[in-house]
Amino acid sequence: MRKWSIKIVLVYAIAATSCSRPGNEVVFNDMLPSVFPDYCNVTIPAGIAPLNFMVKDCVKSEVIIRGRTGSIRIRSGKQVRIPQGKWRRMLEDNNGEDLTVTVTALTNKKWTRYRSFKISVKSDPVDPYIVYRLIAPGYEAYSSMGIYQRELSSFREKPVLTNRLVRGTCMNCHSFSSGNPGKMLFHLRGDVSGTILVNDGKITKLNTKTISTISNCIYPFWHPSGDYIAFSVNNIYQVFHSVGDRRIEVFDSRSDIVIYDIRNNKLFTSGLLSSDDSFETFPVFSPDGKTLVFCSARKVDQPVGYDKAKYSLCLISFDASSGSLGDRIDTLVSSRETGRSISFPRISPDGKQLVFTLSDYGNFSIWHRDADLYSLDLSTGRIRNIKELNSRESESYHSWSSNSRWMIFSSRRTDGLYTRPFITYCSSDGTFSKPFMLPLKDPRLYGESLFSYNVPEFVKGEIGKDTRSLLKAIASQAKDVNFEIKER
Amino acid sequence: MENSKVVRIAGSLFTAIIPAGIYVFFAFFYNSHLHFEEQFRLFLFSRNYLTEKLILPGGLAGYLGEFFTQFYYISLIGPLVIALLLFALMMTLRRISMAVSSERIFLNLSCIPAIIAGMMLCNEFYPLSVVTGFLVATTAAMLFVRIKRNRERFITGIVLIPVVYWLAGGSFLSLLFIMLVFELLKGRSACKSRPESSKGYAGRWKMVSYLLVAAALPLMVHGLYLPEAGLSAVFGRFYYNVPGMITASIVILFFLPSVLMLISGIFRIKEKHAVKAMTVEILFIILFCYAGFRSYSNFEAEETMTYDYLVREGRWEDVLIYSEKHPPGNYLSLSMLNLSLSKTGQMGNNLFRYDQHGINGLFLSFNKEYVAPLLGNEIFYNLGLINASQQYAFESMETIPDMGKSARVLKRLAETNLINGQYEVSEKYLHILELTFFYRKWAKTTLTYLYDEEKINNNAEWGEKRRFLVINDYFFHVQDIEAALNRMIREHPDNKPAFEYLMAFYLITKDLRHFSELIPAMEKMQYKRIPSSYQEAITFILASGNKDPITASPPYISQDTKQNLKAYADIYNNYPDAGQRLRQRFSATYWYYLHFNDYQYNPEEIIRKNLY
């Protein structure tokens, strides 16, 4: 009896062990494995955190990552967690090379080996941090939310400021001067309001509403010198659709562009940027600081004409030494030619391309499923649909790394509602790689999380200002800004 | 029987009666509060959820509190969970008390903090983690007081303070005070027995050490790790549902065990007075329970929560039965009653049996709080305004005071997205609900509907909602509900709920002009019998147009209506106190509402008020 018991235990142990790893009975499948996030054939920077992923519909998995130098084998369930130390060494040893990833998965008691896929490791570095806001993709109310910074080489995410610290207040529109964490700003709205400006070690709270401007300053962009910030001022409205696949419509009933002179605490504009006949918004300085690019649409009656507002891409010259604007506006891309509407123009720091979001109408493109990313070659004027980045859901806000080689953008491709950050490599010829979703220690968190990643920005270092100093500034009296209209 | 035996038996009985009484209270008198609490929680069996809690001070208390709260889902289990937790709390407090006094008379007093914790649960702003956190602290205190050797006890105390702070948050103060009082009483009794000993001096140093550790902890955590606003820095997030706020009740709760310990340790009751003292004590506790539960509980809110619960469960007839004994006291309840009338096909007949207070009793506005939009979403959902239902449900979740998430809302969002064909989002919500205990079965079943158009269309509930989906887009706001309902009827003339709500809108606002424009649509609705309030309105319109409503009325006006009209008119026209005379027999008629309800419609009305 005892012998039989031992035999049964042995047989069971052998059976159990034989199922725990693939052996000779592996079936080969020529398809790519179904993994989430989809990291098949993506391009990554050498300093990125491990691309942990899940193998869908399996019980166990074995993943082998091979480079020219070294390999990593991971045996696990459906969650594949790559050891951080081994991953870091693998990327260092294979910097500029391709990694090959082979997934073998156990499903229905059968091991299947899928077609291997590549992960290209680029030697072009990426900025070490990104900053984004986490907020539910809601309507009028918001629950827990905040601005967070994430170190790209690890999974470390730290809050910069959350509304648990400043109750009844929304923080938004974080923006950095050329990715410099020591020169940044964000807005506060609600019980506490103002613009928090971090500049050269000082934190100032500004009241940017003047009697001559429509609103507080809203969408920001820093001049490369760090001495000016262009803002839009907007009357923004939000309404709610009744038909299933559309939820929210956000539009401006009025908008203008102003520039904030930091040294002189002065807001100024010109009549060309504050016309009553048009909506001007999303200002962006060129990398050389000599041009202000922005979006402009002919004014329409809102909300009746909400889908008639189509923004063109325009520019005006800017002289930083005198703080003055040009005397004419040129159109880079006309909405009459595209038949559609441009938002979020962003010029690569090397000045070669301008990427913008194109949607059927309006400017709040995250709520438009038709929103896609387009690029404008600034030397040839050629516009193209960046098909390699776009999906059937919204692709919207984007920002460049400081070396122009990487771009991060918001996409709702995973489910159509919750925005996720994707990173893509931009080669010197202007083509983009297949984007990869920001890696998480546990990718299941993307499924469980009820937050969207909003306004992802590359930053060149950790934000050094501690929460206490920010809170002190937030509690302080806001400094009023002055305003003038400058005409040449 | 010896006094001590009487006291012991009485004490044991009393200990059993208290949790039993609390069970009965929550099971049969205050159950809807538990359902209300449960629906605004989302406990997930996932590693991420556990980690998110445990990285915060008080996280274990919060995790356990939410774990147990999910059992409120079952009406009789929730109260049992509360009773058992409070019983456990009582037992730990008894053990602590016994460590300083052998007098049983004081053991009953030690149950008072547990009773207070039970009272606090009557207020929906106190989560169950008040009890679980307190229990963690008292359990630690119980372990502490059992250690006989001074050095071991001191080291354990120094370790327990930060451990309990991390696991249970602010209730570590309760542990701290118990430790201080225990050392004080220990020192006092040591001094009495050996006055020449230096132990009293050593005891003071221990107390100072405990205080220093306790004071440093929140400062360090707040300064270095987790800045929090207000008193959350000391107490953590899990003792009150408004972030940053802590109430006096919580502070008193944490202080109380040590105060009672002090009393137990200092005072003595003579054996001959034991029974009298016990009697006084029990009477005091009974009165205390009565006054305390009355003070903390809110039976008006309980009524509204009962309406909400019955609607959530789709128990429409039960809503009507409930309203007979508990007529709606606010718009929240009234709107749920009216919804139930619609769902049971009684809106047209019985709307004016109930005290209508304007159109806020039909539709609820969103007031940047979490209750009205949750109830309001039910109305939109049942009318077929799926996007509006989705919006309200989402807003409700985003305004939950403690910034948590809601299982009930996620369930509704999964449904609205499924109906709208937004399968990926619906799938996301369903996968989250699969991580719950009580919603996972529903989630698994619903997952089988995704991408299967035929299956969804054939589902009795979702199929009907799909049939009535809005066709032509427009921007929705509840203030434009009249226009929205008109659009719905134009797009789907067979949408009876929308039609009846629009009729109710016009009847309540006394807008008989627009009501009469809907009469052709009413005639096509295939009513077996035209609802009585419509008949009454039509006869009134005829009479107002100088036509004889008895002879000129269309054939669907019943004989009963005509006879009632005649009787009504006889009294109305001939008596100056007609209102009083008509009330008993005709108060449920539309005529009575028209003549004697002084409601005046204001188009701005659906704005901010949900109470009257």
# chains A, B, ... in the order shown; residues from 1 in each chain; ligands from 1

call {"tool": "residues_around", "arguments": {"residues": "Glu324 in chain B", "least_positions_apart": "3", "cutoff": "12 Å", "atoms": "only C-alpha atoms", "output": "PyMOL selection string"}}
result
chain B and resi 317-321+327-328+337+353-355

call {"tool": "write_last_selection", "arguments": {"atoms": "all heavy atoms", "output": "PDB file, in the first residue's frame"}}
result
ATOM      1  N   GLU B 317     -42.846  47.089  -6.922  1.00  0.00           N
ATOM      2  CA  GLU B 317     -44.061  46.958  -6.101  1.00  0.00           C
ATOM      3  C   GLU B 317     -43.746  47.210  -4.643  1.00  0.00           C
ATOM      4  O   GLU B 317     -44.543  47.811  -3.910  1.00  0.00           O
ATOM      5  CB  GLU B 317     -44.652  45.541  -6.249  1.00  0.00           C
ATOM      6  CG  GLU B 317     -45.208  45.225  -7.644  1.00  0.00           C
ATOM      7  CD  GLU B 317     -46.539  45.925  -7.909  1.00  0.00           C
ATOM      8  OE1 GLU B 317     -47.075  46.592  -7.005  1.00  0.00           O
ATOM      9  OE2 GLU B 317     -47.032  45.821  -9.042  1.00  0.00           O
ATOM     10  N   ASP B 318     -42.577  46.745  -4.214  1.00  0.00           N
ATOM     11  CA  ASP B 318     -42.197  46.949  -2.805  1.00  0.00           C
ATOM     12  C   ASP B 318     -42.012  48.434  -2.488  1.00  0.00           C
ATOM     13  O   ASP B 318     -42.258  48.869  -1.358  1.00  0.00           O
ATOM     14  CB  ASP B 318     -40.916  46.186  -2.487  1.00  0.00           C
ATOM     15  CG  ASP B 318     -41.150  44.685  -2.402  1.00  0.00           C
ATOM     16  OD1 ASP B 318     -42.329  44.294  -2.256  1.00  0.00           O
ATOM     17  OD2 ASP B 318     -40.181  43.909  -2.486  1.00  0.00           O
ATOM     18  N   VAL B 319     -41.596  49.198  -3.478  1.00  0.00           N
ATOM     19  CA  VAL B 319     -41.470  50.645  -3.264  1.00  0.00           C
ATOM     20  C   VAL B 319     -42.850  51.224  -2.940  1.00  0.00           C
ATOM     21  O   VAL B 319     -43.006  52.038  -2.019  1.00  0.00           O
ATOM     22  CB  VAL B 319     -40.890  51.344  -4.517  1.00  0.00           C
ATOM     23  CG1 VAL B 319     -40.965  52.857  -4.378  1.00  0.00           C
ATOM     24  CG2 VAL B 319     -39.449  50.919  -4.752  1.00  0.00           C
ATOM     25  N   LEU B 320     -43.837  50.785  -3.699  1.00  0.00           N
ATOM     26  CA  LEU B 320     -45.187  51.324  -3.502  1.00  0.00           C
ATOM     27  C   LEU B 320     -45.746  50.891  -2.141  1.00  0.00           C
ATOM     28  O   LEU B 320     -46.385  51.688  -1.443  1.00  0.00           O
ATOM     29  CB  LEU B 320     -46.104  50.852  -4.632  1.00  0.00           C
ATOM     30  CG  LEU B 320     -45.634  51.226  -6.043  1.00  0.00           C
ATOM     31  CD1 LEU B 320     -46.605  50.696  -7.098  1.00  0.00           C
ATOM     32  CD2 LEU B 320     -45.487  52.728  -6.188  1.00  0.00           C
ATOM     33  N   ILE B 321     -45.474  49.651  -1.780  1.00  0.00           N
ATOM     34  CA  ILE B 321     -45.919  49.180  -0.466  1.00  0.00           C
ATOM     35  C   ILE B 321     -45.230  49.982   0.632  1.00  0.00           C
ATOM     36  O   ILE B 321     -45.860  50.416   1.605  1.00  0.00           O
ATOM     37  CB  ILE B 321     -45.621  47.677  -0.297  1.00  0.00           C
ATOM     38  CG1 ILE B 321     -46.481  46.864  -1.270  1.00  0.00           C
ATOM     39  CG2 ILE B 321     -45.855  47.212   1.134  1.00  0.00           C
ATOM     40  CD1 ILE B 321     -46.077  45.416  -1.411  1.00  0.00           C
ATOM     41  N   PRO B 327     -44.361  57.671   3.494  1.00  0.00           N
ATOM     42  CA  PRO B 327     -44.482  58.536   2.304  1.00  0.00           C
ATOM     43  C   PRO B 327     -43.191  59.318   2.097  1.00  0.00           C
ATOM     44  O   PRO B 327     -42.507  59.645   3.074  1.00  0.00           O
ATOM     45  CB  PRO B 327     -45.626  59.501   2.672  1.00  0.00           C
ATOM     46  CG  PRO B 327     -46.198  59.029   3.949  1.00  0.00           C
ATOM     47  CD  PRO B 327     -45.297  58.015   4.552  1.00  0.00           C
ATOM     48  N   PRO B 328     -42.848  59.594   0.849  1.00  0.00           N
ATOM     49  CA  PRO B 328     -41.576  60.267   0.574  1.00  0.00           C
ATOM     50  C   PRO B 328     -41.481  61.590   1.315  1.00  0.00           C
ATOM     51  O   PRO B 328     -42.434  62.369   1.338  1.00  0.00           O
ATOM     52  CB  PRO B 328     -41.612  60.513  -0.935  1.00  0.00           C
ATOM     53  CG  PRO B 328     -42.651  59.612  -1.461  1.00  0.00           C
ATOM     54  CD  PRO B 328     -43.620  59.348  -0.375  1.00  0.00           C
ATOM     55  N   LEU B 337     -40.251  56.905  -6.014  1.00  0.00           N
ATOM     56  CA  LEU B 337     -41.642  56.445  -5.993  1.00  0.00           C
ATOM     57  C   LEU B 337     -42.267  56.620  -7.366  1.00  0.00           C
ATOM     58  O   LEU B 337     -42.914  55.721  -7.903  1.00  0.00           O
ATOM     59  CB  LEU B 337     -42.418  57.235  -4.934  1.00  0.00           C
ATOM     60  CG  LEU B 337     -43.930  57.073  -4.944  1.00  0.00           C
ATOM     61  CD1 LEU B 337     -44.315  55.630  -4.662  1.00  0.00           C
ATOM     62  CD2 LEU B 337     -44.578  57.983  -3.897  1.00  0.00           C
ATOM     63  N   ARG B 353     -52.139  60.154  -6.327  1.00  0.00           N
ATOM     64  CA  ARG B 353     -52.406  59.564  -5.012  1.00  0.00           C
ATOM     65  C   ARG B 353     -51.348  60.018  -4.031  1.00  0.00           C
ATOM     66  O   ARG B 353     -51.542  59.991  -2.827  1.00  0.00           O
ATOM     67  CB  ARG B 353     -52.333  58.042  -5.117  1.00  0.00           C
ATOM     68  CG  ARG B 353     -53.615  57.354  -5.516  1.00  0.00           C
ATOM     69  CD  ARG B 353     -53.536  55.870  -5.223  1.00  0.00           C
ATOM     70  NE  ARG B 353     -53.433  55.639  -3.796  1.00  0.00           N
ATOM     71  CZ  ARG B 353     -52.842  54.595  -3.243  1.00  0.00           C
ATOM     72  NH1 ARG B 353     -52.262  53.680  -3.989  1.00  0.00           N
ATOM     73  NH2 ARG B 353     -52.816  54.439  -1.945  1.00  0.00           N
ATOM     74  N   TYR B 354     -50.204  60.402  -4.595  1.00  0.00           N
ATOM     75  CA  TYR B 354     -49.078  60.796  -3.754  1.00  0.00           C
ATOM     76  C   TYR B 354     -48.873  62.300  -3.853  1.00  0.00           C
ATOM     77  O   TYR B 354     -49.223  62.931  -4.835  1.00  0.00           O
ATOM     78  CB  TYR B 354     -47.812  60.036  -4.182  1.00  0.00           C
ATOM     79  CG  TYR B 354     -48.024  58.544  -4.169  1.00  0.00           C
ATOM     80  CD1 TYR B 354     -48.417  57.870  -5.314  1.00  0.00           C
ATOM     81  CD2 TYR B 354     -47.869  57.833  -2.982  1.00  0.00           C
ATOM     82  CE1 TYR B 354     -48.635  56.507  -5.278  1.00  0.00           C
ATOM     83  CE2 TYR B 354     -48.088  56.465  -2.944  1.00  0.00           C
ATOM     84  CZ  TYR B 354     -48.479  55.811  -4.097  1.00  0.00           C
ATOM     85  OH  TYR B 354     -48.703  54.457  -4.063  1.00  0.00           O
ATOM     86  N   ASP B 355     -48.264  62.803  -2.833  1.00  0.00           N
ATOM     87  CA  ASP B 355     -48.091  64.245  -2.726  1.00  0.00           C
ATOM     88  C   ASP B 355     -46.977  64.696  -3.670  1.00  0.00           C
ATOM     89  O   ASP B 355     -45.805  64.521  -3.364  1.00  0.00           O
ATOM     90  CB  ASP B 355     -47.720  64.565  -1.263  1.00  0.00           C
ATOM     91  CG  ASP B 355     -47.969  65.998  -0.920  1.00  0.00           C
ATOM     92  OD1 ASP B 355     -48.551  66.728  -1.750  1.00  0.00           O
ATOM     93  OD2 ASP B 355     -47.563  66.417   0.186  1.00  0.00           O
TER      94      ASP B 355
END

call {"tool": "residues_around", "arguments": {"residues": "Lys428 in chain B", "least_positions_apart": "4", "cutoff": "7 Å", "atoms": "only C-alpha atoms", "output": "list in words"}}
result
Gly447 of chain A; Glu424 and Ile432 of chain B

call {"tool": "select_by_dssp", "arguments": {"residues": "range 58-130 of chain A", "states": "strand (DSSP E)", "output": "ChimeraX atom specification"}}
result
/A:60-66,71-76,79-80,98-107,110-114,117-122,129-130

call {"tool": "closest_residue", "arguments": {"among": "A:His368, A:Lys308, A:Arg468, A:Lys209", "to": "chain B", "atoms": "only C-alpha atoms"}}
result
A:Arg468

call {"tool": "residues_around", "arguments": {"residues": "Leu375 in chain B", "least_positions_apart": "3", "cutoff": "8 Å", "atoms": "only C-alpha atoms", "output": "VMD selection string"}}
result
chain B and resid 308 332 336 364 371 to 372 378 to 379

call {"tool": "write_last_selection", "arguments": {"atoms": "all heavy atoms", "output": "PDB file, in the first residue's frame"}}
result
ATOM      1  N   ASP B 308     -34.049  53.920  -2.298  1.00  0.00           N
ATOM      2  CA  ASP B 308     -32.945  53.705  -3.238  1.00  0.00           C
ATOM      3  C   ASP B 308     -32.640  52.221  -3.382  1.00  0.00           C
ATOM      4  O   ASP B 308     -32.462  51.714  -4.491  1.00  0.00           O
ATOM      5  CB  ASP B 308     -31.695  54.448  -2.741  1.00  0.00           C
ATOM      6  CG  ASP B 308     -30.462  54.119  -3.557  1.00  0.00           C
ATOM      7  OD1 ASP B 308     -30.534  54.189  -4.796  1.00  0.00           O
ATOM      8  OD2 ASP B 308     -29.417  53.773  -2.968  1.00  0.00           O
ATOM      9  N   LEU B 332     -35.695  63.066  -3.427  1.00  0.00           N
ATOM     10  CA  LEU B 332     -34.974  61.832  -3.753  1.00  0.00           C
ATOM     11  C   LEU B 332     -35.932  60.645  -3.666  1.00  0.00           C
ATOM     12  O   LEU B 332     -36.035  59.837  -4.593  1.00  0.00           O
ATOM     13  CB  LEU B 332     -33.794  61.634  -2.795  1.00  0.00           C
ATOM     14  CG  LEU B 332     -32.720  62.720  -2.829  1.00  0.00           C
ATOM     15  CD1 LEU B 332     -31.746  62.545  -1.667  1.00  0.00           C
ATOM     16  CD2 LEU B 332     -31.960  62.699  -4.142  1.00  0.00           C
ATOM     17  N   MET B 336     -38.031  58.346  -6.738  1.00  0.00           N
ATOM     18  CA  MET B 336     -37.967  56.886  -6.815  1.00  0.00           C
ATOM     19  C   MET B 336     -39.369  56.284  -6.773  1.00  0.00           C
ATOM     20  O   MET B 336     -39.652  55.270  -7.432  1.00  0.00           O
ATOM     21  CB  MET B 336     -37.122  56.326  -5.666  1.00  0.00           C
ATOM     22  CG  MET B 336     -35.646  56.724  -5.744  1.00  0.00           C
ATOM     23  SD  MET B 336     -34.786  56.147  -7.239  1.00  0.00           S
ATOM     24  CE  MET B 336     -34.827  57.611  -8.260  1.00  0.00           C
ATOM     25  N   LEU B 364     -34.038  64.468 -11.097  1.00  0.00           N
ATOM     26  CA  LEU B 364     -33.109  65.019 -10.112  1.00  0.00           C
ATOM     27  C   LEU B 364     -31.977  65.729 -10.833  1.00  0.00           C
ATOM     28  O   LEU B 364     -31.477  65.245 -11.846  1.00  0.00           O
ATOM     29  CB  LEU B 364     -32.551  63.891  -9.236  1.00  0.00           C
ATOM     30  CG  LEU B 364     -33.587  63.130  -8.424  1.00  0.00           C
ATOM     31  CD1 LEU B 364     -32.965  61.912  -7.761  1.00  0.00           C
ATOM     32  CD2 LEU B 364     -34.211  64.033  -7.363  1.00  0.00           C
ATOM     33  N   VAL B 371     -25.318  61.495  -4.105  1.00  0.00           N
ATOM     34  CA  VAL B 371     -26.550  60.707  -3.929  1.00  0.00           C
ATOM     35  C   VAL B 371     -27.550  61.001  -5.046  1.00  0.00           C
ATOM     36  O   VAL B 371     -28.068  60.083  -5.674  1.00  0.00           O
ATOM     37  CB  VAL B 371     -27.171  60.987  -2.554  1.00  0.00           C
ATOM     38  CG1 VAL B 371     -28.449  60.177  -2.388  1.00  0.00           C
ATOM     39  CG2 VAL B 371     -26.180  60.625  -1.457  1.00  0.00           C
ATOM     40  N   ALA B 372     -27.825  62.285  -5.289  1.00  0.00           N
ATOM     41  CA  ALA B 372     -28.830  62.634  -6.296  1.00  0.00           C
ATOM     42  C   ALA B 372     -28.480  62.084  -7.678  1.00  0.00           C
ATOM     43  O   ALA B 372     -29.344  61.524  -8.351  1.00  0.00           O
ATOM     44  CB  ALA B 372     -29.026  64.150  -6.348  1.00  0.00           C
ATOM     45  N   GLU B 378     -30.973  56.333 -12.358  1.00  0.00           N
ATOM     46  CA  GLU B 378     -31.952  55.253 -12.508  1.00  0.00           C
ATOM     47  C   GLU B 378     -33.132  55.710 -13.368  1.00  0.00           C
ATOM     48  O   GLU B 378     -33.668  54.954 -14.172  1.00  0.00           O
ATOM     49  CB  GLU B 378     -32.470  54.818 -11.127  1.00  0.00           C
ATOM     50  CG  GLU B 378     -31.420  54.172 -10.239  1.00  0.00           C
ATOM     51  CD  GLU B 378     -31.015  52.784 -10.720  1.00  0.00           C
ATOM     52  OE1 GLU B 378     -31.742  52.192 -11.532  1.00  0.00           O
ATOM     53  OE2 GLU B 378     -29.952  52.307 -10.280  1.00  0.00           O
ATOM     54  N   ILE B 379     -33.516  56.964 -13.181  1.00  0.00           N
ATOM     55  CA  ILE B 379     -34.653  57.491 -13.952  1.00  0.00           C
ATOM     56  C   ILE B 379     -34.275  57.554 -15.427  1.00  0.00           C
ATOM     57  O   ILE B 379     -35.006  57.058 -16.293  1.00  0.00           O
ATOM     58  CB  ILE B 379     -35.046  58.887 -13.437  1.00  0.00           C
ATOM     59  CG1 ILE B 379     -35.384  58.832 -11.944  1.00  0.00           C
ATOM     60  CG2 ILE B 379     -36.217  59.448 -14.231  1.00  0.00           C
ATOM     61  CD1 ILE B 379     -35.437  60.172 -11.263  1.00  0.00           C
TER      62      ILE B 379
END

call {"tool": "atom_distance", "arguments": {"atom1": "CA of Val80 in chain A", "atom2": "CA of Glu62 in chain A"}}
result
8.4 Å

call {"tool": "residues_around", "arguments": {"residues": "range 41-53 of chain A", "least_positions_apart": "6", "cutoff": "7 Å", "atoms": "only C-alpha atoms", "output": "PyMOL selection string"}}
result
chain A and resi 35+79-82+84+87+91-92+95+117-126+152-155+425+433-436+439-443

call {"tool": "interface_residues", "arguments": {"of": "chain A", "to": "chain B", "cutoff": "6 Å", "atoms": "only C-alpha atoms", "output": "short mmCIF file (atom, residue, chain, number, x, y, z; two decimals) with C-alpha atoms, in the first residue's frame"}}
result
data_model
loop_
_atom_site.label_atom_id
_atom_site.label_comp_id
_atom_site.auth_asym_id
_atom_site.auth_seq_id
_atom_site.Cartn_x
_atom_site.Cartn_y
_atom_site.Cartn_z
CA ALA A 141 -16.82 66.42 -11.25
CA TYR A 142 -13.48 64.84 -10.41
CA SER A 143 -12.50 62.71 -7.49
CA SER A 144 -8.92 61.96 -6.60
CA LEU A 165 -3.42 68.13 -0.27
CA PHE A 240 -22.87 66.31 -23.29
CA HIS A 241 -23.91 64.28 -26.28
CA SER A 242 -26.95 62.01 -26.27
CA VAL A 243 -25.85 59.53 -28.86
CA GLY A 244 -23.95 56.46 -27.78
CA ASP A 415 -10.64 50.79 -24.71
CA GLU A 448 -7.83 48.03 -12.83
#

call {"tool": "residues_around", "arguments": {"residues": "Arg420 in chain A", "least_positions_apart": "6", "cutoff": "10 Å", "atoms": "only C-alpha atoms", "output": "list of chain:residue names"}}
result
A:Glu395, A:Phe409, A:Ser410, A:Ser411, A:Arg412, A:Arg413, A:Thr414, A:Met437, A:Leu438, A:Tyr446, A:Phe451, A:Ser452, A:Tyr453, A:Asn454, A:Pro456

call {"tool": "select_by_dssp", "arguments": {"residues": "range 334-406 of chain A", "states": "alpha helix (DSSP H)", "output": "MDAnalysis selection string"}}
result
chainID A and resid 335:338

call {"tool": "residues_around", "arguments": {"residues": "Asp256 in chain A", "least_positions_apart": "6", "cutoff": "12 Å", "atoms": "only C-alpha atoms", "output": "PyMOL selection string"}}
result
chain A and resi 212-219+230-236+268-283+294-297+299+485

call {"tool": "write_last_selection", "arguments": {"atoms": "C-alpha atoms", "output": "mmCIF file, in the first residue's frame"}}
result
data_model
loop_
_atom_site.group_PDB
_atom_site.id
_atom_site.type_symbol
_atom_site.label_atom_id
_atom_site.label_comp_id
_atom_site.auth_asym_id
_atom_site.auth_seq_id
_atom_site.Cartn_x
_atom_site.Cartn_y
_atom_site.Cartn_z
ATOM 1 C CA SER A 212 -8.612 93.031 -20.293
ATOM 2 C CA THR A 213 -8.357 89.290 -20.850
ATOM 3 C CA ILE A 214 -11.065 86.721 -21.305
ATOM 4 C CA SER A 215 -9.962 84.411 -18.554
ATOM 5 C CA ASN A 216 -7.044 83.208 -16.522
ATOM 6 C CA CYS A 217 -4.175 81.958 -18.632
ATOM 7 C CA ILE A 218 -4.773 78.429 -19.772
ATOM 8 C CA TYR A 219 -2.799 76.411 -22.353
ATOM 9 C CA ALA A 230 2.755 81.933 -24.264
ATOM 10 C CA PHE A 231 -0.733 81.173 -23.052
ATOM 11 C CA SER A 232 -4.157 80.979 -24.492
ATOM 12 C CA VAL A 233 -7.028 82.615 -22.661
ATOM 13 C CA ASN A 234 -10.322 80.878 -23.305
ATOM 14 C CA ASN A 235 -13.970 80.756 -22.352
ATOM 15 C CA ILE A 236 -14.391 77.018 -22.328
ATOM 16 C CA PHE A 268 0.888 91.251 -23.481
ATOM 17 C CA THR A 269 -0.664 90.464 -26.795
ATOM 18 C CA SER A 270 -1.333 92.018 -30.134
ATOM 19 C CA GLY A 271 -4.572 92.668 -31.906
ATOM 20 C CA LEU A 272 -3.663 89.911 -34.356
ATOM 21 C CA LEU A 273 -3.781 87.329 -31.565
ATOM 22 C CA SER A 274 -6.883 88.637 -29.868
ATOM 23 C CA SER A 275 -9.256 89.122 -32.734
ATOM 24 C CA ASP A 276 -12.997 89.116 -32.088
ATOM 25 C CA ASP A 277 -13.533 87.333 -35.395
ATOM 26 C CA SER A 278 -11.477 84.284 -34.613
ATOM 27 C CA PHE A 279 -10.478 81.825 -31.942
ATOM 28 C CA GLU A 280 -6.728 81.732 -31.294
ATOM 29 C CA THR A 281 -5.336 79.004 -29.096
ATOM 30 C CA PHE A 282 -2.571 76.445 -28.424
ATOM 31 C CA PRO A 283 0.420 78.778 -28.799
ATOM 32 C CA PHE A 294 -0.718 78.661 -32.954
ATOM 33 C CA CYS A 295 -4.124 77.396 -33.983
ATOM 34 C CA SER A 296 -6.770 79.721 -35.284
ATOM 35 C CA ALA A 297 -10.365 79.246 -36.384
ATOM 36 C CA LYS A 299 -15.362 82.406 -34.951
ATOM 37 C CA ILE A 485 -1.633 95.215 -25.898
#

call {"tool": "atom_distance", "arguments": {"atom1": "CA of Leu565 in chain B", "atom2": "CA of His514 in chain B"}}
result
22.3 Å

call {"tool": "residues_around", "arguments": {"residues": "Leu60 in chain B", "least_positions_apart": "3", "cutoff": "12 Å", "atoms": "only C-alpha atoms", "output": "PyMOL selection string"}}
result
chain B and resi 49-57+63-67+129-137+163-169+171+236-238

call {"tool": "atom_distance", "arguments": {"atom1": "CA of Ile359 in chain B", "atom2": "CA of Ile508 in chain B"}}
result
6.8 Å

call {"tool": "closest_residue", "arguments": {"among": "A:Pro345, A:Gly461, A:Gly226, A:Gly339", "to": "Val131 in chain A", "atoms": "only C-alpha atoms"}}
result
A:Gly461

call {"tool": "closest_residue", "arguments": {"among": "A:Ser76, A:Ser34, A:Ser402, A:Ser71", "to": "Leu99 in chain A", "atoms": "only C-alpha atoms"}}
result
A:Ser71
